[in-house]
Structures are given as C-alpha cells and as structure tokens.
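For reference, structure.cif (mmCIF, N, CA and C atoms):
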```
data_upload
loop_
_atom_site.label_atom_id
_atom_site.label_comp_id
_atom_site.auth_asym_id
_atom_site.auth_seq_id
_atom_site.Cartn_x
_atom_site.Cartn_y
_atom_site.Cartn_z
N MET A 1 -13.47 -2.58 -10.18
CA MET A 1 -12.31 -2.70 -9.32
C MET A 1 -12.59 -2.12 -7.94
N ILE A 2 -13.40 -1.09 -7.89
CA ILE A 2 -13.68 -0.46 -6.60
C ILE A 2 -14.38 -1.44 -5.65
N ARG A 3 -15.30 -2.24 -6.17
CA ARG A 3 -15.98 -3.23 -5.32
C ARG A 3 -15.00 -4.26 -4.80
N LEU A 4 -14.08 -4.69 -5.64
CA LEU A 4 -13.09 -5.67 -5.22
C LEU A 4 -12.19 -5.08 -4.13
N GLU A 5 -11.75 -3.85 -4.32
CA GLU A 5 -10.93 -3.20 -3.31
C GLU A 5 -11.69 -3.04 -2.01
N ARG A 6 -12.95 -2.65 -2.10
CA ARG A 6 -13.78 -2.50 -0.90
C ARG A 6 -13.91 -3.84 -0.17
N SER A 7 -14.09 -4.90 -0.92
CA SER A 7 -14.20 -6.23 -0.34
C SER A 7 -12.89 -6.62 0.37
N ILE A 8 -11.77 -6.35 -0.27
CA ILE A 8 -10.46 -6.66 0.32
C ILE A 8 -10.28 -5.88 1.62
N LEU A 9 -10.61 -4.60 1.60
CA LEU A 9 -10.47 -3.78 2.81
C LEU A 9 -11.43 -4.23 3.91
N ASP A 10 -12.64 -4.61 3.53
CA ASP A 10 -13.60 -5.12 4.52
C ASP A 10 -13.08 -6.39 5.17
N GLN A 11 -12.52 -7.29 4.37
CA GLN A 11 -11.96 -8.52 4.92
C GLN A 11 -10.80 -8.21 5.87
N ALA A 12 -9.90 -7.33 5.44
CA ALA A 12 -8.75 -6.97 6.27
C ALA A 12 -9.21 -6.35 7.58
N ASN A 13 -10.20 -5.47 7.51
CA ASN A 13 -10.72 -4.85 8.73
C ASN A 13 -11.38 -5.88 9.64
N GLY A 14 -12.05 -6.86 9.06
CA GLY A 14 -12.67 -7.92 9.85
C GLY A 14 -11.64 -8.74 10.60
N TYR A 15 -10.57 -9.12 9.92
CA TYR A 15 -9.50 -9.87 10.59
C TYR A 15 -8.81 -9.00 11.64
N MET A 16 -8.69 -7.71 11.36
CA MET A 16 -8.09 -6.78 12.30
C MET A 16 -8.93 -6.70 13.57
N ARG A 17 -10.23 -6.57 13.41
CA ARG A 17 -11.13 -6.53 14.57
C ARG A 17 -11.05 -7.83 15.38
N ALA A 18 -10.95 -8.94 14.68
CA ALA A 18 -10.84 -10.23 15.38
C ALA A 18 -9.56 -10.27 16.22
N LEU A 19 -8.46 -9.76 15.67
CA LEU A 19 -7.21 -9.72 16.44
C LEU A 19 -7.36 -8.82 17.66
N GLU A 20 -8.00 -7.66 17.47
CA GLU A 20 -8.23 -6.76 18.59
C GLU A 20 -9.03 -7.44 19.69
N GLU A 21 -10.05 -8.20 19.30
CA GLU A 21 -10.87 -8.91 20.27
C GLU A 21 -10.06 -9.96 21.01
N HIS A 22 -9.16 -10.65 20.30
CA HIS A 22 -8.30 -11.64 20.96
C HIS A 22 -7.46 -10.98 22.04
N VAL A 23 -6.94 -9.79 21.75
CA VAL A 23 -6.11 -9.08 22.72
C VAL A 23 -6.96 -8.61 23.89
N LEU A 24 -8.11 -8.00 23.61
CA LEU A 24 -8.95 -7.45 24.66
C LEU A 24 -9.53 -8.53 25.57
N GLU A 25 -9.88 -9.66 24.97
CA GLU A 25 -10.50 -10.75 25.74
C GLU A 25 -9.47 -11.71 26.32
N GLY A 26 -8.22 -11.59 25.89
CA GLY A 26 -7.21 -12.52 26.36
C GLY A 26 -7.48 -13.94 25.87
N SER A 27 -7.93 -14.06 24.64
CA SER A 27 -8.32 -15.35 24.07
C SER A 27 -7.16 -16.35 24.05
N ASP A 28 -7.47 -17.59 24.33
CA ASP A 28 -6.48 -18.66 24.29
C ASP A 28 -6.57 -19.47 23.00
N ASP A 29 -7.38 -19.03 22.06
CA ASP A 29 -7.58 -19.74 20.81
C ASP A 29 -6.46 -19.44 19.84
N ARG A 30 -5.31 -20.06 20.09
CA ARG A 30 -4.10 -19.79 19.30
C ARG A 30 -4.30 -20.10 17.82
N ASP A 31 -5.00 -21.17 17.52
CA ASP A 31 -5.24 -21.55 16.12
C ASP A 31 -6.00 -20.48 15.36
N GLN A 32 -7.02 -19.91 16.00
CA GLN A 32 -7.81 -18.86 15.34
C GLN A 32 -6.99 -17.58 15.17
N VAL A 33 -6.19 -17.25 16.19
CA VAL A 33 -5.33 -16.07 16.09
C VAL A 33 -4.36 -16.23 14.92
N MET A 34 -3.74 -17.38 14.83
CA MET A 34 -2.78 -17.61 13.74
C MET A 34 -3.48 -17.59 12.38
N ALA A 35 -4.67 -18.15 12.31
CA ALA A 35 -5.42 -18.14 11.05
C ALA A 35 -5.73 -16.70 10.63
N ASP A 36 -6.14 -15.88 11.59
CA ASP A 36 -6.42 -14.47 11.28
C ASP A 36 -5.16 -13.74 10.82
N LEU A 37 -4.04 -14.01 11.48
CA LEU A 37 -2.78 -13.38 11.08
C LEU A 37 -2.37 -13.80 9.68
N TYR A 38 -2.50 -15.08 9.36
CA TYR A 38 -2.12 -15.56 8.03
C TYR A 38 -3.04 -14.98 6.94
N GLN A 39 -4.32 -14.85 7.26
CA GLN A 39 -5.24 -14.25 6.29
C GLN A 39 -4.86 -12.78 6.03
N LEU A 40 -4.52 -12.07 7.09
CA LEU A 40 -4.09 -10.68 6.91
C LEU A 40 -2.81 -10.60 6.07
N LYS A 41 -1.86 -11.48 6.36
CA LYS A 41 -0.61 -11.47 5.59
C LYS A 41 -0.88 -11.74 4.12
N ALA A 42 -1.83 -12.61 3.84
CA ALA A 42 -2.17 -12.89 2.44
C ALA A 42 -2.75 -11.65 1.77
N LEU A 43 -3.58 -10.91 2.49
CA LEU A 43 -4.17 -9.70 1.93
C LEU A 43 -3.10 -8.62 1.71
N TYR A 44 -2.08 -8.58 2.57
CA TYR A 44 -1.02 -7.58 2.43
C TYR A 44 -0.19 -7.80 1.18
N THR A 45 -0.12 -9.04 0.72
CA THR A 45 0.71 -9.32 -0.45
C THR A 45 0.04 -8.88 -1.75
N LEU A 46 -1.27 -8.68 -1.73
CA LEU A 46 -1.98 -8.32 -2.96
C LEU A 46 -1.45 -7.07 -3.64
N PRO A 47 -1.27 -5.95 -2.92
CA PRO A 47 -0.78 -4.76 -3.63
C PRO A 47 0.68 -4.86 -4.05
N LYS A 48 1.41 -5.80 -3.49
CA LYS A 48 2.82 -5.98 -3.83
C LYS A 48 3.01 -6.84 -5.07
N THR A 49 1.91 -7.42 -5.52
CA THR A 49 1.93 -8.24 -6.73
C THR A 49 2.13 -7.33 -7.94
N HIS A 50 3.01 -7.75 -8.84
CA HIS A 50 3.29 -6.97 -10.04
C HIS A 50 2.00 -6.73 -10.81
N ASP A 51 1.76 -5.49 -11.17
CA ASP A 51 0.57 -5.09 -11.94
C ASP A 51 -0.74 -5.50 -11.26
N SER A 52 -0.82 -5.28 -9.95
CA SER A 52 -2.04 -5.66 -9.23
C SER A 52 -3.22 -4.78 -9.64
N GLY A 53 -2.96 -3.58 -10.10
CA GLY A 53 -4.03 -2.67 -10.50
C GLY A 53 -4.75 -2.05 -9.33
N MET A 54 -4.25 -2.27 -8.13
CA MET A 54 -4.88 -1.73 -6.93
C MET A 54 -4.56 -0.23 -6.84
N SER A 55 -5.55 0.55 -6.45
CA SER A 55 -5.35 1.99 -6.33
C SER A 55 -4.38 2.30 -5.20
N GLU A 56 -3.73 3.45 -5.30
CA GLU A 56 -2.80 3.87 -4.26
C GLU A 56 -3.52 4.08 -2.94
N GLU A 57 -4.75 4.55 -3.00
CA GLU A 57 -5.53 4.75 -1.79
C GLU A 57 -5.77 3.42 -1.06
N CYS A 58 -6.15 2.41 -1.80
CA CYS A 58 -6.39 1.08 -1.22
C CYS A 58 -5.08 0.50 -0.67
N GLN A 59 -4.01 0.66 -1.42
CA GLN A 59 -2.70 0.19 -0.96
C GLN A 59 -2.33 0.85 0.36
N GLY A 60 -2.55 2.16 0.45
CA GLY A 60 -2.24 2.88 1.68
C GLY A 60 -3.08 2.41 2.85
N MET A 61 -4.35 2.14 2.60
CA MET A 61 -5.23 1.66 3.66
C MET A 61 -4.78 0.28 4.14
N LEU A 62 -4.39 -0.58 3.21
CA LEU A 62 -3.90 -1.91 3.60
C LEU A 62 -2.61 -1.79 4.40
N GLU A 63 -1.74 -0.86 4.01
CA GLU A 63 -0.50 -0.65 4.76
C GLU A 63 -0.78 -0.19 6.18
N GLU A 64 -1.78 0.67 6.34
CA GLU A 64 -2.16 1.13 7.67
C GLU A 64 -2.72 -0.02 8.51
N ILE A 65 -3.55 -0.85 7.91
CA ILE A 65 -4.08 -2.02 8.61
C ILE A 65 -2.94 -2.96 9.00
N GLU A 66 -1.98 -3.14 8.09
CA GLU A 66 -0.83 -3.98 8.36
C GLU A 66 -0.02 -3.44 9.54
N ARG A 67 0.16 -2.13 9.58
CA ARG A 67 0.90 -1.51 10.68
C ARG A 67 0.17 -1.73 12.01
N ARG A 68 -1.14 -1.48 12.02
CA ARG A 68 -1.93 -1.67 13.24
C ARG A 68 -1.94 -3.12 13.68
N ALA A 69 -2.07 -4.03 12.73
CA ALA A 69 -2.09 -5.46 13.05
C ALA A 69 -0.76 -5.89 13.65
N GLY A 70 0.33 -5.33 13.15
CA GLY A 70 1.65 -5.64 13.71
C GLY A 70 1.74 -5.24 15.17
N ILE A 71 1.19 -4.08 15.49
CA ILE A 71 1.19 -3.61 16.88
C ILE A 71 0.36 -4.54 17.75
N ILE A 72 -0.81 -4.90 17.26
CA ILE A 72 -1.69 -5.78 18.03
C ILE A 72 -1.07 -7.17 18.17
N ALA A 73 -0.50 -7.69 17.09
CA ALA A 73 0.11 -9.02 17.14
C ALA A 73 1.25 -9.06 18.14
N SER A 74 1.96 -7.94 18.29
CA SER A 74 3.07 -7.90 19.26
C SER A 74 2.56 -8.01 20.70
N LYS A 75 1.29 -7.69 20.91
CA LYS A 75 0.70 -7.78 22.26
C LYS A 75 0.15 -9.16 22.56
N LEU A 76 0.07 -10.01 21.55
CA LEU A 76 -0.43 -11.37 21.74
C LEU A 76 0.70 -12.26 22.22
N THR A 77 0.39 -13.15 23.09
CA THR A 77 1.38 -14.15 23.50
C THR A 77 1.11 -15.41 22.73
N LEU A 78 1.97 -15.67 21.75
CA LEU A 78 1.76 -16.81 20.85
C LEU A 78 2.76 -17.93 21.08
N ASP A 79 3.42 -17.94 22.21
CA ASP A 79 4.41 -19.00 22.45
C ASP A 79 3.84 -20.23 23.05
#
```
What does the file become when written as structure tokens?
Amino acid sequence: MIRLERSILDQANGYMRALEEHVLEGSDDRDQVMADLYQLKALYTLPKTHDSGMSEECQGMLEEIERRAGIIASKLTLD
C-alpha cells in the first residue's frame, strides 16, 4: 500500500507542478490546464472513497496539495 500511496502523491505533485508552471509562464494552453485540474480532482476523491485504506498521513498530504492547487487555480484565468 505504501508504494501505491507514494505513486498517488507523486502524480498529484506532478500535476501540481504543472499548474504552477502554467501560472508562472502565463500559459495559454487551457485544455492542458483543465486536464491537469481534472486529474487532481480525481486524485482528491480517492481518500474520500469508503474504505479506501489510505493512511491518514497520505490523506493529509493530498488535502494539502488540494489546498495549494485551489490557490494556484484561482490565479489562472480560465474564462
């Protein structure tokens, strides 16, 4: 389970870094930004699944990534 959790966190961090790059570079690739956001949202739902078996530490880390991604997403102009 630890490897699976590590993989989930690595993926979430990768999408998070991609969002940060979109903000820093002022990227106009709206489709990629939305894809990254949807992938992150999918990862956030994993610990909320009944009997996910995910450790509290991993859940907390995902919640922190979710919080940071929300801040970054608010800085993106997606209209």
- [ ] Would you work out the distance separating atom C of Gln32 in chain A from CA of Leu19 in chain A, expressed in Å to one decimal?
- [x]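 Atom C of Gln32 in chain A sits 8.0 Å away from CA of Leu19 in chain A.
Separating CA of Ala69 in chain A from CA of Leu9 in chain A is a distance of 13.3 Å.
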- [ ] Go ahead and find all residues with at least one atom no further than 6 Å from (-7.2, -1.5, 1.4) in the file's coordinates, using all atoms listed in the file; report them as a list in words.
- [x] Glu5, Ile8, Leu9, Glu57, Cys58, Gln59, Gly60, Met61 and Leu62 of chain A
Task: Selected residue, from A:Ser74, A:Thr49, A:Gln11, A:Ser55, that lies nearest to Asp36 in chain A when counting only C-alpha atoms - done: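 The closest residue to Asp36 in chain A is A:Gln11.
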Open item on the list: When you look at range 40-46 of chain A with a cut-off of 7 Å (counting all atoms listed in the file), what residues show up, excluding the ones that are within fewer than 4 positions of it in the same chain? I need them as a ChimeraX atom specification.
Closed with: /A:12,15,35-36,50,52,62-63,66
